[in-house]
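Enquirer: Input structure: protein-v9.cif, which contains mmCIF, C-alpha atoms.
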data_work
loop_
_atom_site.label_atom_id
_atom_site.label_comp_id
_atom_site.auth_asym_id
_atom_site.auth_seq_id
_atom_site.Cartn_x
_atom_site.Cartn_y
_atom_site.Cartn_z
CA LYS A 283 28.06 -12.70 -5.17
CA ALA A 284 27.12 -9.04 -5.12
CA GLY A 285 23.65 -8.20 -3.90
CA VAL A 286 20.98 -6.06 -5.50
CA THR A 287 22.25 -2.56 -6.15
CA GLN A 288 20.16 0.56 -6.58
CA THR A 289 21.19 3.97 -7.79
CA PRO A 290 21.02 6.66 -6.74
CA ARG A 291 20.59 6.08 -3.03
CA TYR A 292 19.14 9.51 -2.37
CA LEU A 293 17.34 11.94 -4.60
CA ILE A 294 15.65 15.30 -4.15
CA LYS A 295 13.25 16.56 -6.79
CA THR A 296 10.57 19.20 -7.05
CA ARG A 297 6.93 18.77 -7.92
CA GLY A 298 6.27 18.31 -11.61
CA GLN A 299 9.71 16.90 -12.40
CA GLN A 300 10.34 13.34 -13.43
CA VAL A 301 12.78 10.84 -12.01
CA THR A 302 14.43 7.60 -13.09
CA LEU A 303 15.65 5.02 -10.61
CA SER A 304 17.92 2.14 -11.49
CA CYS A 305 18.21 -1.40 -10.17
CA SER A 306 20.82 -4.05 -10.92
CA PRO A 307 19.72 -7.53 -9.80
CA ILE A 308 21.89 -10.24 -8.37
CA SER A 309 23.93 -11.83 -11.12
CA GLY A 310 21.88 -14.55 -12.80
CA HIS A 311 18.55 -13.30 -11.47
CA ARG A 312 16.02 -12.59 -14.17
CA SER A 313 13.01 -11.25 -12.28
CA VAL A 314 12.94 -7.74 -10.86
CA SER A 315 10.16 -6.29 -8.72
CA TRP A 316 9.67 -2.77 -7.42
CA TYR A 317 8.03 -1.65 -4.20
CA GLN A 318 7.18 1.70 -2.70
CA GLN A 319 7.52 2.16 1.05
CA THR A 320 5.89 5.10 2.85
CA PRO A 321 5.00 5.64 6.50
CA GLY A 322 1.32 5.91 5.68
CA GLN A 323 0.82 3.12 3.15
CA GLY A 324 3.63 0.77 4.10
CA LEU A 325 5.18 -1.50 1.49
CA GLN A 326 3.25 -1.62 -1.76
CA PHE A 327 3.97 -3.57 -4.91
CA LEU A 328 4.57 -1.44 -8.00
CA PHE A 329 5.40 -3.89 -10.80
CA GLU A 330 7.42 -6.93 -11.76
CA TYR A 331 9.51 -7.61 -14.85
CA PHE A 332 10.82 -10.81 -16.33
CA SER A 333 12.62 -11.17 -19.64
CA GLU A 334 11.98 -7.51 -20.43
CA THR A 335 8.22 -7.96 -19.99
CA GLN A 336 6.03 -6.47 -17.31
CA ARG A 337 4.03 -9.36 -15.93
CA ASN A 338 2.30 -7.76 -13.00
CA LYS A 339 1.39 -4.27 -11.94
CA GLY A 340 0.19 -2.86 -8.66
CA ASN A 341 -2.45 -0.23 -8.12
CA PHE A 342 -0.48 2.88 -9.03
CA PRO A 343 -1.26 5.63 -11.55
CA GLY A 344 0.21 5.60 -15.02
CA ARG A 345 2.82 8.14 -13.93
CA PHE A 346 4.72 5.16 -12.58
CA SER A 347 6.37 3.08 -15.26
CA GLY A 348 9.29 0.78 -15.64
CA ARG A 349 11.30 -1.31 -17.98
CA GLN A 350 13.80 -4.12 -17.97
CA PHE A 351 16.80 -4.51 -20.20
CA SER A 352 18.23 -7.64 -21.77
CA ASN A 353 20.83 -7.90 -18.99
CA SER A 354 17.96 -7.94 -16.44
CA ARG A 355 18.77 -4.48 -15.11
CA SER A 356 15.64 -2.47 -14.51
CA GLU A 357 14.61 1.15 -14.31
CA MET A 358 11.51 2.77 -12.98
CA ASN A 359 10.31 6.20 -13.92
CA VAL A 360 7.94 8.54 -12.17
CA SER A 361 6.68 11.46 -14.21
CA THR A 362 5.04 14.65 -12.98
CA LEU A 363 6.17 14.11 -9.42
CA GLU A 364 3.79 14.83 -6.56
CA LEU A 365 4.61 15.42 -2.90
CA GLY A 366 3.06 12.07 -2.08
CA ASP A 367 5.63 10.28 -4.20
CA SER A 368 8.21 10.89 -1.50
CA ALA A 369 9.13 7.39 -0.41
CA LEU A 370 11.74 4.69 -0.24
CA TYR A 371 11.69 2.75 -3.50
CA LEU A 372 12.89 -0.80 -3.14
CA CYS A 373 13.93 -3.16 -5.86
CA ALA A 374 14.02 -6.93 -5.41
CA SER A 375 15.33 -9.69 -7.62
CA SER A 376 14.68 -13.39 -7.85
CA LEU A 377 16.20 -16.20 -9.82
CA SER A 378 13.87 -17.52 -12.47
CA GLY A 379 10.59 -15.72 -12.08
CA GLN A 380 8.65 -18.97 -11.88
CA GLY A 381 5.75 -18.48 -9.50
CA ILE A 382 6.55 -17.14 -6.06
CA GLU A 383 10.24 -17.17 -5.27
CA THR A 384 12.49 -15.78 -2.60
CA GLN A 385 13.13 -12.15 -3.39
CA TYR A 386 16.28 -10.34 -2.39
CA PHE A 387 16.00 -6.65 -1.79
CA GLY A 388 18.35 -3.80 -2.50
CA PRO A 389 19.07 -0.92 -0.11
CA GLY A 390 16.50 1.31 -1.78
CA THR A 391 16.42 4.78 -3.26
CA ARG A 392 15.03 7.44 -0.97
CA LEU A 393 13.15 10.04 -3.00
CA LEU A 394 12.15 13.37 -1.52
CA VAL A 395 9.77 15.55 -3.53
CA LEU A 396 9.66 19.22 -2.54
CA ALA B 291 -8.54 -10.50 -1.07
CA GLN B 292 -5.21 -11.56 0.32
CA SER B 293 -3.92 -9.63 3.29
CA VAL B 294 -1.40 -9.77 6.09
CA THR B 295 -1.99 -8.45 9.59
CA GLN B 296 0.68 -7.72 12.12
CA PRO B 297 -1.29 -6.79 15.22
CA ASP B 298 1.58 -5.25 17.14
CA ILE B 299 2.94 -1.95 15.83
CA HIS B 300 5.58 -1.61 18.52
CA ILE B 301 7.11 -4.16 20.88
CA THR B 302 9.72 -3.55 23.53
CA VAL B 303 11.66 -6.39 25.13
CA SER B 304 14.67 -6.62 27.40
CA GLU B 305 17.89 -8.00 26.05
CA GLY B 306 18.02 -11.73 26.67
CA ALA B 307 14.25 -12.08 26.82
CA SER B 308 12.29 -14.22 24.39
CA LEU B 309 10.41 -12.70 21.49
CA GLU B 310 7.31 -13.55 19.50
CA LEU B 311 6.04 -11.36 16.69
CA ARG B 312 2.59 -12.15 15.41
CA CYS B 313 1.49 -12.45 11.81
CA ASN B 314 -1.90 -13.46 10.47
CA TYR B 315 -2.66 -13.88 6.80
CA SER B 316 -5.71 -14.20 4.64
CA TYR B 317 -5.20 -16.53 1.71
CA GLY B 318 -7.27 -19.20 0.02
CA ALA B 319 -4.65 -21.82 -0.80
CA THR B 320 -1.36 -22.85 0.75
CA PRO B 321 0.49 -19.61 1.22
CA TYR B 322 4.06 -18.69 0.52
CA LEU B 323 5.12 -16.82 3.67
CA PHE B 324 8.12 -14.69 4.45
CA TRP B 325 9.62 -12.68 7.28
CA TYR B 326 11.91 -9.79 6.45
CA VAL B 327 13.81 -7.41 8.73
CA GLN B 328 14.64 -3.79 8.00
CA SER B 329 17.18 -1.74 9.90
CA PRO B 330 16.89 2.06 9.75
CA GLY B 331 17.75 3.40 6.32
CA GLN B 332 18.27 -0.06 4.91
CA GLY B 333 16.53 -2.42 2.56
CA LEU B 334 14.81 -5.65 3.56
CA GLN B 335 16.75 -8.71 4.62
CA LEU B 336 15.13 -12.12 4.41
CA LEU B 337 14.97 -13.90 7.77
CA LEU B 338 13.10 -17.03 6.72
CA LYS B 339 10.40 -18.39 4.46
CA TYR B 340 7.76 -21.09 4.33
CA PHE B 341 6.72 -22.68 1.06
CA SER B 342 5.70 -26.18 2.12
CA GLY B 343 6.75 -29.11 4.30
CA ASP B 344 7.85 -28.79 7.91
CA THR B 345 5.73 -26.12 9.55
CA LEU B 346 8.58 -25.00 11.83
CA VAL B 347 11.16 -23.17 9.79
CA GLN B 348 14.55 -21.97 10.90
CA GLY B 349 16.07 -18.76 9.69
CA ILE B 350 19.10 -16.62 10.10
CA LYS B 351 20.19 -14.84 13.29
CA GLY B 352 18.54 -17.49 15.48
CA PHE B 353 14.98 -16.77 14.36
CA GLU B 354 12.33 -19.39 13.71
CA ALA B 355 8.70 -19.26 12.66
CA GLU B 356 5.83 -21.69 12.83
CA PHE B 357 3.13 -22.00 10.19
CA LYS B 358 -0.27 -22.83 11.67
CA ARG B 359 -2.87 -23.31 8.99
CA SER B 360 -5.74 -23.64 11.45
CA GLN B 361 -4.95 -20.22 12.88
CA SER B 362 -3.79 -18.62 9.61
CA SER B 363 -0.67 -17.56 11.47
CA PHE B 364 3.05 -17.45 10.86
CA ASN B 365 4.56 -16.09 14.06
CA LEU B 366 8.22 -15.26 14.36
CA ARG B 367 10.13 -16.28 17.48
CA LYS B 368 13.55 -15.93 19.01
CA PRO B 369 14.52 -17.43 22.36
CA SER B 370 16.93 -14.70 23.43
CA VAL B 371 16.94 -11.24 21.91
CA HIS B 372 20.13 -9.26 21.33
CA TRP B 373 20.35 -5.47 21.22
CA SER B 374 21.25 -5.74 17.53
CA ASP B 375 17.82 -7.25 16.82
CA ALA B 376 16.22 -3.82 17.22
CA ALA B 377 14.66 -3.15 13.82
CA GLU B 378 11.36 -3.33 11.97
CA TYR B 379 10.01 -6.72 11.04
CA PHE B 380 7.71 -7.42 8.13
CA CYS B 381 5.62 -10.48 7.42
CA ALA B 382 4.65 -11.04 3.78
CA VAL B 383 2.62 -13.46 1.69
CA GLY B 384 3.11 -14.24 -1.97
CA ALA B 385 0.05 -13.25 -3.96
CA SER B 386 -1.62 -16.02 -5.94
CA GLY B 387 -0.86 -15.76 -9.65
CA GLY B 388 1.21 -12.81 -8.70
CA TYR B 389 4.59 -13.52 -10.26
CA ASN B 390 6.62 -12.54 -7.24
CA LYS B 391 4.15 -9.97 -5.97
CA LEU B 392 4.41 -9.84 -2.19
CA ILE B 393 1.74 -8.48 0.11
CA PHE B 394 3.26 -7.06 3.26
CA GLY B 395 1.96 -6.46 6.72
CA ALA B 396 2.33 -3.04 8.28
CA GLY B 397 5.38 -4.10 10.22
CA THR B 398 6.32 -4.42 13.88
CA ARG B 399 8.97 -2.14 15.28
CA LEU B 400 11.08 -3.89 17.88
CA ALA B 401 12.94 -1.99 20.59
CA VAL B 402 15.40 -3.77 22.84
CA HIS B 403 16.21 -2.48 26.32
CA PRO B 404 19.65 -3.27 27.73
#
How does this structure look as structure tokens?

Expert:
Amino acid sequence: KAGVTQTPRYLIKTRGQQVTLSCSPISGHRSVSWYQQTPGQGLQFLFEYFSETQRNKGNFPGRFSGRQFSNSRSEMNVSTLELGDSALYLCASSLSGQGIETQYFGPGTRLLVL
Amino acid sequence: AQSVTQPDIHITVSEGASLELRCNYSYGATPYLFWYVQSPGQGLQLLLKYFSGDTLVQGIKGFEAEFKRSQSSFNLRKPSVHWSDAAEYFCAVGASGGYNKLIFGAGTRLAVHP
């Protein structure tokens, strides 16, 4: 079974632009979570989607948003990019979204904001 | 508030030596605990998890971890380290009511000397 895939793998943007990252979960998985990883703040939870609904959100500004499609694929969007948004963005999927489950992570999208 | 502490930022061991990475958590109820490993430029790979039951859990690549409620710890161990184990290791706890929200420790970077 194919793992979690994320596209693109690398991205360079300038301040003020917006960006959309994509995540395809493991086949059959219905829950998708997003995390931001930076050297200073470590791994931080962004949000989680299940059945096209955002169920949980981390402590990030409204510039960070996401959505999930009926096939469980998910996208996250960051508007008005800031230098501090440079990070590795990781997507994780789990099977049924019931409580705490084992999450499987993708390789990440590395975003550089100039 | 829930939290995870990994006291050691960097650890260096010789190949063939034993390894123990420390993890302490703060959580009110029975925690859902995970260890993940991240190689440079990669996503997170699950090593093992503890949800309930036997407090000594076995994982992949010869790793094991022991849940000790009295010490609020979930330390990762390996009897004999291989050069390929050099990576960063993250301990995580599932947040209560968090729908797959994981709270991560800051990570321990492991270096292996030949």

Enquirer: Pull out every residue of chain B sitting within 9 Å of chain A, counting all atoms listed in the file, and send them as a PyMOL selection string.

Expert: chain B and resi 322+324+331-336+339+384-397

Enquirer: Please indicate the distance in Å from CA of Glu364 (chain A) to CA of Phe346 (chain A), rounded to one decimal place.

Expert: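 Between these atoms lies a distance of 11.4 Å.
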
Enquirer: Hey, which of B:Trp325, B:Phe357, B:Tyr317, B:Phe341 ends up closest to Ala382 (chain B)? Count only C-alpha atoms.

Expert: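 Closest to Ala382 (chain B), using only C-alpha atoms: B:Trp325.
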
Enquirer: With only C-alpha atoms as the counted atoms, please give the residues lying no more than 12 Å from Ile299 (chain B), apart from itself and same-chain residues fewer than 4 positions off, as number ranges by chain.

Expert: B: 295, 311-313, 377-380, 395-401

Enquirer: Mind dumping the selected residues with C-alpha atoms as a short mmCIF file (atom, residue, chain, number, x, y, z; two decimals), in the frame of the given file?

Expert:
data_model
loop_
_atom_site.label_atom_id
_atom_site.label_comp_id
_atom_site.auth_asym_id
_atom_site.auth_seq_id
_atom_site.Cartn_x
_atom_site.Cartn_y
_atom_site.Cartn_z
CA THR B 295 -1.99 -8.45 9.59
CA LEU B 311 6.04 -11.36 16.69
CA ARG B 312 2.59 -12.15 15.41
CA CYS B 313 1.49 -12.45 11.81
CA ALA B 377 14.66 -3.15 13.82
CA GLU B 378 11.36 -3.33 11.97
CA TYR B 379 10.01 -6.72 11.04
CA PHE B 380 7.71 -7.42 8.13
CA GLY B 395 1.96 -6.46 6.72
CA ALA B 396 2.33 -3.04 8.28
CA GLY B 397 5.38 -4.10 10.22
CA THR B 398 6.32 -4.42 13.88
CA ARG B 399 8.97 -2.14 15.28
CA LEU B 400 11.08 -3.89 17.88
CA ALA B 401 12.94 -1.99 20.59
#

Enquirer: Translate the PyMOL selection byres ((chain B and resi 359) around 12), as applied to the file shown, into an explicit residue set as a PyMOL selection string.

Expert: chain B and resi 314-323+340+342+345-346+356-358+360-365

Enquirer: For a test of reading the model, state the distance in Å between CA of Thr320 (chain A) and CA of Leu365 (chain A), rounded to one decimal.

Expert: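 Between these atoms lies a distance of 11.9 Å.
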
Enquirer: Kindly extract all protein, DNA and RNA residues lying within 7 Å of the coordinates (17.5, -16.0, 21.2) given in the file, considering all atoms listed in the file, and supply them as JSON, numbers by chain.

Expert: {"B": [306, 308, 352, 368, 369, 370, 371]}

Enquirer: Provide the CA of Leu393 (chain A) to CA of Arg291 (chain A) distance in Å, to one decimal place.

Expert: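 Result for CA of Leu393 (chain A) versus CA of Arg291 (chain A): 8.4 Å, one decimal.
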
Enquirer: Can you list, as number ranges by chain, every protein, DNA or RNA residue that comes within 8 Å of Thr289 (chain A) when you count all atoms listed in the file, leaving out same-chain residues fewer than 6 positions away?

Expert: A: 303-305, 391
